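Working notes, structure below.
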Amino acid sequence: MNFRVSMFILSVFSSFMLFGQSENINKDPFKQFGSELPTPNVYRTAAGAPGHQYWQQKADYKINLELDDDNQKISGSETITYHNNSPDQLEYLWLQLDQNMRAKDSDSYKITGSSIQDKVSDRQLKSLEPQFDGGFKIEKVVDNNGKNLIYKIVKTMMRIDLPKPLLPGESTIFNVGWWYNINNHRVDRGRSGYEHFDEDGNNVYVIAQFFPRMCVYNEVDGWQNKQFLGRGEFTLTFGDYEVNITVPADHLVASTGELQNPKDVLTKKQINALAKAEEEFEQPVIIASQEEANEKIKSKSTKKKTWTFKAENVRDFAFASSRRFIWDAMGVKMSDGRVVKAMSMYVKEGNPLWEKYSTKAVAHTIKWYSHYTFDYPYPVAWSIDGSMGMEYPMICFNFGRCEEDGTYTQRTKYGHIGVIIHEVGHNWFPMIVNSDERQWTWMDEGLNSFVQYLAQQQWERNYPHRRGPADKITSYMDNDKKYLTPIMSNSESLYEFGNNAYAKPATALNILRETILGRDLFDYAFKTYANRWKFKQPTPADLFRTMEDASGVDLDWFWRGWFYTTDHCDMTIKNVNHYKIDPKNPEIVKLQQKERREEAPKYITEIRNETEIEKTYSEIDESIIDFYSTYDPLKIDNLDKEEYNKYLNNLDSEMKEQLSSQKNYYEIEIEKLGGLVMPVILQFEYVDGTKEDIRIPAEIWKLKPDNLVTKVFPTDKEIKQITLDPYLETADTDTGNNYFPPRPKEASRFELFKGRQRFGPGGENPMQRANRAKQIIKP
């Protein structure tokens, strides 16, 4: 055998083996997780809880910071005390340099595709080359004695090489000095930066990722030093912060932590108003008014003030600063007797929306997130008008601006309330339940969007939810599968980021709560997860295992389908057969058959022949008529009655009762057209107008390779209509095939108009229209 022939045979054999292996993979949707989840150990248990040897690192920061308002620049120095609580010795430390994402040589620019069209705007043309001089300018990295440390900057990360290994239980102290140019986030849509107001020449600063921060080191990934490309957010270590922020003297500053020197930076009036706000639980108290802000923007102070904040056990730090800020606050009572200060700072362009809703939305979030998880542990919670949606411990930057006449759209109103609930809610996920955002966006965004949905339900009946209800995810799940990724995908690899990381996991948890587990079981298990992992670093497996362990329900099929695949749910009622027990009584059976015969439609030929054939042969010549000419098989005779009585005498009492009951038996065939297994939920509407719901667990799909389920339902009453998924619980992507008998489609409507006639001013919002309507004088 020559070499080429042998290689061909080997190739064919290898292909056959690979094909055979792929075809024999266990694709059962009810297969247990097993090897998909990491092996439990002393750090993380099989029940989903922290193990008896669980550990995590700690990093404490002392930061001195100055904001240069004239040049939009920040300069800072920090002293970091890093505590090695691991059982490992560390030869080096890794820090995050997130601002380097905006450096001109950033990979974020390099990996962004671009193209040239027939028409290109000047802004598009500029975007082809980085214009902004962003990124940290590191000026020093020294130990606690001022001795230079060897360090290496690797894009958005920095490695510090320690003079000697940091042993378990030891701590090290080092200092970093830096500065960077602040980006205009209205231009580059960053997660922090400044917004410039041309009308008065002032800026609003919402500042985050402003200092080199420690990377997480744990037993799962070692150092989590995956580069920051802009999507996958932050993985951070808990610690204590003391931060001195020097800003123009006429600025107001909101920040992570508690203000330590109010007498140095606030007026007596503001201090008194803050004290009053702590005792006000219904209406916010104005701390700094719009009139005061208007006075400040007329002239810029050349003096400076330093605001000092302290925060304990937080994973990050952020602040906001401006002379344009209006400030209000109120108190929120906690179950342990504490009062949390809910506060907002915003600009006049946001009024009356912000003054009406912002701080109340903060307070509402604290109340209901605490209800579903654990009490908010921090002393303050801020909502800042940063014209974006971003979250940090105790502070978040939100959006919502009014029209010049003070009106706003419905979308603006609910977008404003929703983003505040969402961003304040991030205090729980991931600021306290400290998941790895860089790796798993859904663990904070998805869980938070779910609890946001619960909190919005408590805000207002018929709240216009964007995410949470199962029917709102169906269009996404029915997309072309090549443009979908499983939830369990890295943050940088997601198609349709918002649907994948926010909406789908939020929907999955809502289905788990409403349909799979029920509210009591789910709420207990979810609260168990939140309390187990507050101020710790959970992984997806810890969530999955805790939810199963605390509920006592096997959910492997659910996690697999919703989180590890892109399958969608589509079930249909393929067929329904209606049966009744044959009563055998000729007076019943033959009478019913006669009625059906009389009601049956006649064939067209028979109808026409009644008039067109004057007489048939048998009507002309009666001699051809015999027994069969007049025979009626439905006529009852004595033999029919005798046979019926004989049949009855052979039945026992139980069978006679069944015979007389005349129950209905409906044989229903359900077909699973989509790959996702879900419970079968049916609603029977009876002819008397009553309804009955039938709930069948998803396990009915076990051992159904043909994706067909047939089940018989005995009923006392006849069914008029059968509906599959009547309450839109299963995210069925096509509900048009969920009815038996099938429902006709509603008629579509089109608009009739004359020529190019316009119906009122363009761009008018409903509030403006209502105001215009008031001006019309009735005849």
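By order in the structure tokens, chains are A, B, ...; within a chain, residues start at 1; ligands start at 1, following the order shown.
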With a distance cut-off of 6 Å and only C-alpha atoms, select the neighbouring residues of stretch 447-460 of chain A, excluding the residue or stretch itself and same-chain residues fewer than 6 positions from it, and output the selection as an MDAnalysis selection string. chainID A and resid 368 422 429 468 506
For the residues selected in the previous step, produce a file with N, CA and C atoms as a PDB file, in the first residue's frame.
ATOM      1  N   TRP A 368     -36.803  48.490  48.561  1.00  0.00           N
ATOM      2  CA  TRP A 368     -37.236  47.229  47.964  1.00  0.00           C
ATOM      3  C   TRP A 368     -36.088  46.284  47.653  1.00  0.00           C
ATOM      4  N   HIS A 422     -32.138  51.179  38.584  1.00  0.00           N
ATOM      5  CA  HIS A 422     -31.119  50.234  38.106  1.00  0.00           C
ATOM      6  C   HIS A 422     -29.741  50.555  38.668  1.00  0.00           C
ATOM      7  N   PHE A 429     -25.636  44.480  43.441  1.00  0.00           N
ATOM      8  CA  PHE A 429     -24.981  43.664  42.414  1.00  0.00           C
ATOM      9  C   PHE A 429     -24.293  44.602  41.428  1.00  0.00           C
ATOM     10  N   GLY A 468     -37.882  41.940  31.801  1.00  0.00           N
ATOM     11  CA  GLY A 468     -38.437  41.159  32.899  1.00  0.00           C
ATOM     12  C   GLY A 468     -39.539  40.235  32.451  1.00  0.00           C
ATOM     13  N   ALA A 506     -32.460  38.495  33.215  1.00  0.00           N
ATOM     14  CA  ALA A 506     -33.537  39.032  34.059  1.00  0.00           C
ATOM     15  C   ALA A 506     -34.833  38.284  33.794  1.00  0.00           C
TER      16      ALA A 506
END
Can you build me a table of stretch 166-270 of chain A residues sitting at most 12 Å from stretch 288-310 of chain A, with the closest atom pair per residue and its distance in Å to one decimal, using only C-alpha atoms, sorted by chain and residue number, as a Markdown table?
| residue | atom | partner | partner_atom | distance |
| --- | --- | --- | --- | --- |
| A:Phe197 | CA | A:Ile297 | CA | 10.6 |
| A:Asp198 | CA | A:Ile297 | CA | 11.7 |
| A:Glu199 | CA | A:Ile297 | CA | 10.0 |
| A:Asp200 | CA | A:Ile297 | CA | 6.6 |
| A:Gly201 | CA | A:Ile297 | CA | 8.3 |
| A:Asn202 | CA | A:Ile297 | CA | 7.1 |
| A:Asn203 | CA | A:Ile297 | CA | 10.0 |
| A:Val204 | CA | A:Ile297 | CA | 11.6 |
| A:Gly239 | CA | A:Lys310 | CA | 11.1 |
| A:Asp240 | CA | A:Lys310 | CA | 7.6 |
| A:Tyr241 | CA | A:Lys310 | CA | 5.5 |
| A:Glu242 | CA | A:Lys310 | CA | 4.5 |
| A:Val243 | CA | A:Phe309 | CA | 5.3 |
| A:Asn244 | CA | A:Thr308 | CA | 4.5 |
| A:Ile245 | CA | A:Trp307 | CA | 5.1 |
| A:Thr246 | CA | A:Thr306 | CA | 4.1 |
| A:Val247 | CA | A:Lys304 | CA | 5.6 |
| A:Pro248 | CA | A:Lys304 | CA | 4.4 |
| A:Ala249 | CA | A:Lys304 | CA | 4.3 |
| A:Asp250 | CA | A:Ser301 | CA | 5.9 |
| A:His251 | CA | A:Lys305 | CA | 8.5 |
| A:Leu252 | CA | A:Ala288 | CA | 9.0 |
| A:Val253 | CA | A:Trp307 | CA | 7.5 |
| A:Ala254 | CA | A:Trp307 | CA | 9.4 |
| A:Ser255 | CA | A:Phe309 | CA | 7.3 |
| A:Thr256 | CA | A:Phe309 | CA | 7.4 |
| A:Gly257 | CA | A:Lys310 | CA | 5.0 |
| A:Glu258 | CA | A:Phe309 | CA | 5.3 |
| A:Leu259 | CA | A:Phe309 | CA | 4.6 |
| A:Gln260 | CA | A:Thr308 | CA | 5.4 |
| A:Asn261 | CA | A:Thr308 | CA | 6.2 |
| A:Pro262 | CA | A:Trp307 | CA | 8.0 |
| A:Lys263 | CA | A:Trp307 | CA | 10.2 |
| A:Asp264 | CA | A:Lys305 | CA | 7.9 |
| A:Val265 | CA | A:Trp307 | CA | 6.6 |
| A:Leu266 | CA | A:Trp307 | CA | 9.7 |
| A:Thr267 | CA | A:Ala288 | CA | 9.8 |
| A:Lys268 | CA | A:Ala288 | CA | 11.6 |
| A:Lys269 | CA | A:Ala288 | CA | 9.0 |
| A:Gln270 | CA | A:Ala288 | CA | 6.9 |
Among stretch 395-456 of chain A, which residues does DSSP mark as helix (DSSP H, G or I) when it is run on the backbone? Keep the chain and numbering as in the structure and answer as a PyMOL selection string. chain A and resi 410-425+442-456
Please write the residues from the selection above to a file, keeping N, CA and C atoms, as a PDB file, in the first residue's frame.
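Result file is selection-v6.pdb:
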ATOM      1  N   GLN A 410     -43.064  60.721  28.051  1.00  0.00           N
ATOM      2  CA  GLN A 410     -43.278  59.554  28.907  1.00  0.00           C
ATOM      3  C   GLN A 410     -42.017  58.692  28.948  1.00  0.00           C
ATOM      4  N   ARG A 411     -41.373  58.544  27.802  1.00  0.00           N
ATOM      5  CA  ARG A 411     -40.152  57.752  27.753  1.00  0.00           C
ATOM      6  C   ARG A 411     -39.068  58.366  28.643  1.00  0.00           C
ATOM      7  N   THR A 412     -38.968  59.695  28.627  1.00  0.00           N
ATOM      8  CA  THR A 412     -37.975  60.364  29.476  1.00  0.00           C
ATOM      9  C   THR A 412     -38.281  60.128  30.943  1.00  0.00           C
ATOM     10  N   LYS A 413     -39.554  60.249  31.323  1.00  0.00           N
ATOM     11  CA  LYS A 413     -39.935  60.061  32.722  1.00  0.00           C
ATOM     12  C   LYS A 413     -39.564  58.673  33.222  1.00  0.00           C
ATOM     13  N   TYR A 414     -40.044  57.648  32.517  1.00  0.00           N
ATOM     14  CA  TYR A 414     -39.810  56.287  32.995  1.00  0.00           C
ATOM     15  C   TYR A 414     -38.375  55.829  32.758  1.00  0.00           C
ATOM     16  N   GLY A 415     -37.728  56.407  31.747  1.00  0.00           N
ATOM     17  CA  GLY A 415     -36.299  56.143  31.581  1.00  0.00           C
ATOM     18  C   GLY A 415     -35.505  56.682  32.754  1.00  0.00           C
ATOM     19  N   HIS A 416     -35.889  57.882  33.221  1.00  0.00           N
ATOM     20  CA  HIS A 416     -35.233  58.518  34.369  1.00  0.00           C
ATOM     21  C   HIS A 416     -35.428  57.688  35.642  1.00  0.00           C
ATOM     22  N   ILE A 417     -36.661  57.325  35.935  1.00  0.00           N
ATOM     23  CA  ILE A 417     -36.936  56.540  37.142  1.00  0.00           C
ATOM     24  C   ILE A 417     -36.256  55.175  37.036  1.00  0.00           C
ATOM     25  N   GLY A 418     -36.366  54.550  35.851  1.00  0.00           N
ATOM     26  CA  GLY A 418     -35.796  53.219  35.672  1.00  0.00           C
ATOM     27  C   GLY A 418     -34.293  53.190  35.806  1.00  0.00           C
ATOM     28  N   VAL A 419     -33.602  54.184  35.230  1.00  0.00           N
ATOM     29  CA  VAL A 419     -32.144  54.167  35.308  1.00  0.00           C
ATOM     30  C   VAL A 419     -31.674  54.404  36.744  1.00  0.00           C
ATOM     31  N   ILE A 420     -32.391  55.212  37.507  1.00  0.00           N
ATOM     32  CA  ILE A 420     -32.013  55.431  38.907  1.00  0.00           C
ATOM     33  C   ILE A 420     -32.186  54.148  39.710  1.00  0.00           C
ATOM     34  N   ILE A 421     -33.338  53.486  39.547  1.00  0.00           N
ATOM     35  CA  ILE A 421     -33.535  52.220  40.257  1.00  0.00           C
ATOM     36  C   ILE A 421     -32.441  51.231  39.868  1.00  0.00           C
ATOM     37  N   HIS A 422     -32.138  51.179  38.584  1.00  0.00           N
ATOM     38  CA  HIS A 422     -31.119  50.234  38.106  1.00  0.00           C
ATOM     39  C   HIS A 422     -29.741  50.555  38.668  1.00  0.00           C
ATOM     40  N   GLU A 423     -29.328  51.805  38.546  1.00  0.00           N
ATOM     41  CA  GLU A 423     -27.959  52.150  38.955  1.00  0.00           C
ATOM     42  C   GLU A 423     -27.794  52.141  40.473  1.00  0.00           C
ATOM     43  N   VAL A 424     -28.789  52.610  41.220  1.00  0.00           N
ATOM     44  CA  VAL A 424     -28.715  52.501  42.677  1.00  0.00           C
ATOM     45  C   VAL A 424     -28.719  51.025  43.071  1.00  0.00           C
ATOM     46  N   GLY A 425     -29.503  50.228  42.338  1.00  0.00           N
ATOM     47  CA  GLY A 425     -29.561  48.798  42.606  1.00  0.00           C
ATOM     48  C   GLY A 425     -28.228  48.104  42.440  1.00  0.00           C
ATOM     49  N   TRP A 442     -23.419  39.400  32.869  1.00  0.00           N
ATOM     50  CA  TRP A 442     -24.795  39.061  33.264  1.00  0.00           C
ATOM     51  C   TRP A 442     -24.947  38.898  34.770  1.00  0.00           C
ATOM     52  N   MET A 443     -23.857  38.550  35.475  1.00  0.00           N
ATOM     53  CA  MET A 443     -23.988  38.284  36.911  1.00  0.00           C
ATOM     54  C   MET A 443     -24.323  39.540  37.703  1.00  0.00           C
ATOM     55  N   ASP A 444     -23.966  40.699  37.174  1.00  0.00           N
ATOM     56  CA  ASP A 444     -24.419  41.912  37.856  1.00  0.00           C
ATOM     57  C   ASP A 444     -25.550  42.590  37.086  1.00  0.00           C
ATOM     58  N   GLU A 445     -25.408  42.712  35.765  1.00  0.00           N
ATOM     59  CA  GLU A 445     -26.439  43.413  35.000  1.00  0.00           C
ATOM     60  C   GLU A 445     -27.743  42.618  34.951  1.00  0.00           C
ATOM     61  N   GLY A 446     -27.639  41.319  34.756  1.00  0.00           N
ATOM     62  CA  GLY A 446     -28.835  40.499  34.670  1.00  0.00           C
ATOM     63  C   GLY A 446     -29.567  40.383  35.990  1.00  0.00           C
ATOM     64  N   LEU A 447     -28.832  40.084  37.062  1.00  0.00           N
ATOM     65  CA  LEU A 447     -29.454  39.975  38.384  1.00  0.00           C
ATOM     66  C   LEU A 447     -30.028  41.315  38.810  1.00  0.00           C
ATOM     67  N   ASN A 448     -29.285  42.385  38.534  1.00  0.00           N
ATOM     68  CA  ASN A 448     -29.761  43.709  38.922  1.00  0.00           C
ATOM     69  C   ASN A 448     -30.992  44.105  38.115  1.00  0.00           C
ATOM     70  N   SER A 449     -31.016  43.790  36.819  1.00  0.00           N
ATOM     71  CA  SER A 449     -32.192  44.107  35.999  1.00  0.00           C
ATOM     72  C   SER A 449     -33.412  43.350  36.500  1.00  0.00           C
ATOM     73  N   PHE A 450     -33.201  42.137  37.008  1.00  0.00           N
ATOM     74  CA  PHE A 450     -34.312  41.361  37.558  1.00  0.00           C
ATOM     75  C   PHE A 450     -34.882  42.030  38.807  1.00  0.00           C
ATOM     76  N   VAL A 451     -34.023  42.407  39.756  1.00  0.00           N
ATOM     77  CA  VAL A 451     -34.530  43.042  40.982  1.00  0.00           C
ATOM     78  C   VAL A 451     -35.075  44.432  40.659  1.00  0.00           C
ATOM     79  N   GLN A 452     -34.504  45.094  39.665  1.00  0.00           N
ATOM     80  CA  GLN A 452     -35.064  46.360  39.183  1.00  0.00           C
ATOM     81  C   GLN A 452     -36.513  46.164  38.754  1.00  0.00           C
ATOM     82  N   TYR A 453     -36.776  45.081  38.026  1.00  0.00           N
ATOM     83  CA  TYR A 453     -38.141  44.769  37.594  1.00  0.00           C
ATOM     84  C   TYR A 453     -39.070  44.607  38.797  1.00  0.00           C
ATOM     85  N   LEU A 454     -38.601  43.924  39.835  1.00  0.00           N
ATOM     86  CA  LEU A 454     -39.428  43.761  41.042  1.00  0.00           C
ATOM     87  C   LEU A 454     -39.695  45.115  41.698  1.00  0.00           C
ATOM     88  N   ALA A 455     -38.667  45.962  41.769  1.00  0.00           N
ATOM     89  CA  ALA A 455     -38.820  47.272  42.406  1.00  0.00           C
ATOM     90  C   ALA A 455     -39.736  48.178  41.591  1.00  0.00           C
ATOM     91  N   GLN A 456     -39.660  48.104  40.282  1.00  0.00           N
ATOM     92  CA  GLN A 456     -40.536  48.919  39.436  1.00  0.00           C
ATOM     93  C   GLN A 456     -41.998  48.507  39.593  1.00  0.00           C
TER      94      GLN A 456
END
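Comparing the minimum interatomic distances between A:Ala208 and each of A:Pro393, A:Arg401, A:Ala361, A:Thr485, counting only C-alpha atoms, we find that A:Pro393 sits nearest.
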